[in-house]
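The block underneath contains the structure these notes are about, expressed in structure tokens.
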Protein chains: 2
Amino acid sequence: MATAPRTTSRAEKGVARQEQIRLAASRLFVEKGFDGASMQDIADAVGLTKPGLYHFVESKEELLTEIVDAGVERLEREVIEPARAIKDPEARLAAMIRLHVENISHVESDVGNPVTALVENLIGLNDARRLEMEGRLRQVFEVIRGALDELKAEGRLADGLDTTVSAFSIIGMVMWTNRWRRPGGRLTSKAVADSIVALALHGVLKA
Amino acid sequence: MATAPRTTSRAEKGVARQEQIRLAASRLFVEKGFDGASMQDIADAVGLTKPGLYHFVESKEELLTEIVDAGVERLEREVIEPARAIKDPEARLAAMIRLHVENISHVESDVGNPVTALVENLIGLNDARRLEMEGRLRQVFEVIRGALDELKAEGRLADGLDTTVSAFSIIGMVMWTNRWRRPGGRLTSKAVADSIVALALHGVLKA
DNA sequence: GTCTATAAACGGATAGAC
DNA sequence: GTCTATCCGTTTATAGAC
């Protein structure tokens, strides 16, 4: 219905500004905590006054909700759904790890991927929203443990492993990359993904 | 120099109260974030008024510092030093994982081990103190990567692994237990430690 | 869209009585 | 050792001008 804009429309400028605000806010929320970062901090970071900022965001909590929701949506679209589509459990597990590491690494900043950090730590959301996000995030665990259970049923799982513990451990390896990997270092996201896939698959598969 | 008290001394009662305050505060800091938890919240949790609480703690930041410092000290004493004393790199790595998981599990609450959660996320500390804690925490990484490097030099490391990535991955598996394991569930801390040791050692050692 | 000014509530912290 | 009362800075958020 909408006609294609010839140049940067008001709506597009608004959307770009929204993105700029969300990025700055997510970094500050990670650096200082949700309550430690003020709307004034965010306004300063994007060159607005506080009332100017309120022209673009409804409230602080709504701003956080939008950031987290977009992060979980991306995770579902770019990681969970593509991995789920793979039939072989070993290949599905490998893809899940690789896509997840690469999704985390796709924003390169001095605080890792700030959206991932917020998704991992849902302080600031109200109870209903936090529960909803936790439910959606649980899909990651279910895909991984599902793959491990299939491998076990086929007799391909190494001895002495609990599939629940192993699934959480794999998630831990992947999520922890956001704590230590920084852009410009020796290790590219691909190198990290390669090494984690090697460790995890060698660890869970029968020799 | 002090004479042994015959019964609960004022000083001992004060110490017990200090412990009660630190436990309540650490839980609240984890649940709501450092800035999200107010001194009023903490006072309510221990049955004091706000000025009553200030009789026992110097400031909010000092309270957090004491909690984190005690947590890192315990980690050094119960995990890092005992593991370091083991000569064989494979046994050292196994001990490091087992002791670390058990150290995390030694407080069983609805937020995992709150001290570990704070140590993992140093928001609220000033820059100097955060840097000091990060330096002390780095010992965990160094012990683990050191063991992996020794294994590699002896030709016992599996192919395709980077020792830095593997060391961080092992830390991630261990730290993540604090996010998912809860008391009263199917898995004891020993069962979790067993499964992680099995996965990690099978993963990093040449078949 | 962006500002100045300000409301209304809450935060950490302290004074001083008992 | 614990209280009532209070200080003062900061916070989220809004009113209303341009």
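Residue names in the structure tokens use chain letters A, B, ... in the order shown, residue numbers from 1 in each chain, and ligand numbers from 1 in the order shown.
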
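Shell of DA17 (chain C) at 12 Å, with only C-alpha atoms (C1' of nucleotides) counted and residues fewer than 3 places along the chain excluded, is D:DT2, D:DC3, D:DT4, D:DA5.
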
For the interface of chain B with chain D (cut-off 8 Å, counting only C-alpha atoms (C1' of nucleotides)), please tabulate each contacting residue of chain B alongside its nearest pair of atoms and their separation in Å to one decimal, rows sorted by chain and increasing number, as a tab-separated table.
```
residue	atom	partner	partner_atom	distance
B:Thr49	CA	D:DC3	C1'	7.9
B:Gly52	CA	D:DT2	C1'	5.6
B:His55	CA	D:DG1	C1'	7.8
```

Using only C-alpha atoms (C1' of nucleotides), find which residues of chain B lie within 12 Å of chain C and jot them down as an NGL selection string. :B and (35-41 or 50-55 or 57-61)

Residues as selected, C-alpha atoms, written as a tab-separated table (two decimals), in the first residue's frame, can you do that?
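New file selection.tsv:
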```
chain	number	residue	atom	x	y	z
B	35	ASP	CA	21.22	-0.93	41.34
B	36	GLY	CA	17.82	-2.59	41.19
B	37	ALA	CA	18.08	-3.83	44.76
B	38	SER	CA	17.72	-1.03	47.30
B	39	MET	CA	19.13	-0.83	50.81
B	40	GLN	CA	15.50	-0.82	51.88
B	41	ASP	CA	14.99	-4.21	50.18
B	50	LYS	CA	17.40	1.20	56.78
B	51	PRO	CA	19.39	3.06	59.48
B	52	GLY	CA	19.57	-0.20	61.43
B	53	LEU	CA	21.17	-1.84	58.41
B	54	TYR	CA	23.67	1.01	58.16
B	55	HIS	CA	24.82	0.14	61.64
B	57	VAL	CA	27.47	-1.98	56.70
B	58	GLU	CA	29.50	1.01	55.71
B	59	SER	CA	27.91	1.52	52.32
B	60	LYS	CA	26.18	-0.37	49.56
B	61	GLU	CA	29.34	-0.59	47.48
```

Distance cut-off 9 Å, counting only C-alpha atoms - which residues of chain A neighbour chain B? Return them as an MDAnalysis selection string. chainID A and resid 30:36 123:124 158:163 165:166 168:177 180 187 191:192 194:196 198:205 207

Within 12 Å of Leu118 (chain B), counting only C-alpha atoms (C1' of nucleotides), which residues qualify if same-chain residues fewer than 2 places away don't, as JSON, numbers by chain? {"B": [22, 23, 25, 26, 27, 28, 29, 30, 31, 32, 33, 34, 64, 65, 66, 67, 68, 69, 70, 71, 72, 104, 111, 112, 113, 114, 115, 116, 120, 121, 122, 123, 124, 125, 130, 133, 175, 178]}

Please dump the current selection as a compact mmCIF listing (two decimals), in the first residue's frame; keep C-alpha atoms.
```txt
# COMPACT_ATOMS: atom_id res chain seq x y z
CA ARG B 22 25.61 -10.63 53.08
CA LEU B 23 23.55 -13.65 52.11
CA ALA B 25 22.10 -8.89 49.90
CA SER B 26 23.80 -11.26 47.48
CA ARG B 27 20.49 -12.90 46.62
CA LEU B 28 18.81 -9.56 46.06
CA PHE B 29 21.72 -8.25 43.96
CA VAL B 30 21.40 -11.32 41.73
CA GLU B 31 17.62 -11.20 41.51
CA LYS B 32 17.21 -7.47 40.86
CA GLY B 33 20.72 -6.32 39.91
CA PHE B 34 23.02 -4.18 42.06
CA LEU B 64 29.07 -5.75 47.51
CA THR B 65 32.86 -5.61 47.68
CA GLU B 66 32.91 -7.76 50.82
CA ILE B 67 30.62 -10.33 49.21
CA VAL B 68 32.64 -10.59 46.01
CA ASP B 69 35.97 -10.59 47.82
CA ALA B 70 34.90 -13.44 50.09
CA GLY B 71 33.70 -15.38 47.03
CA VAL B 72 36.97 -14.98 45.15
CA ILE B 104 29.48 -23.40 42.98
CA VAL B 111 19.13 -18.28 42.41
CA GLY B 112 21.95 -20.82 42.34
CA ASN B 113 25.00 -19.69 44.27
CA PRO B 114 24.43 -15.95 44.50
CA VAL B 115 28.07 -15.19 45.29
CA THR B 116 29.17 -16.98 42.13
CA GLU B 120 30.67 -13.61 37.34
CA ASN B 121 29.14 -10.20 36.78
CA LEU B 122 31.04 -7.43 38.52
CA ILE B 123 28.63 -4.54 37.91
CA GLY B 124 28.55 -2.25 40.95
CA LEU B 125 32.26 -2.45 41.74
CA ARG B 130 36.69 -4.83 39.24
CA MET B 133 38.87 -9.26 40.83
CA MET B 175 29.94 -21.57 35.25
CA ASN B 178 24.91 -21.91 38.20
```

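The two atoms in question, CA of Pro89 (chain A) and CA of Gly146 (chain A), are spaced 8.2 Å apart.
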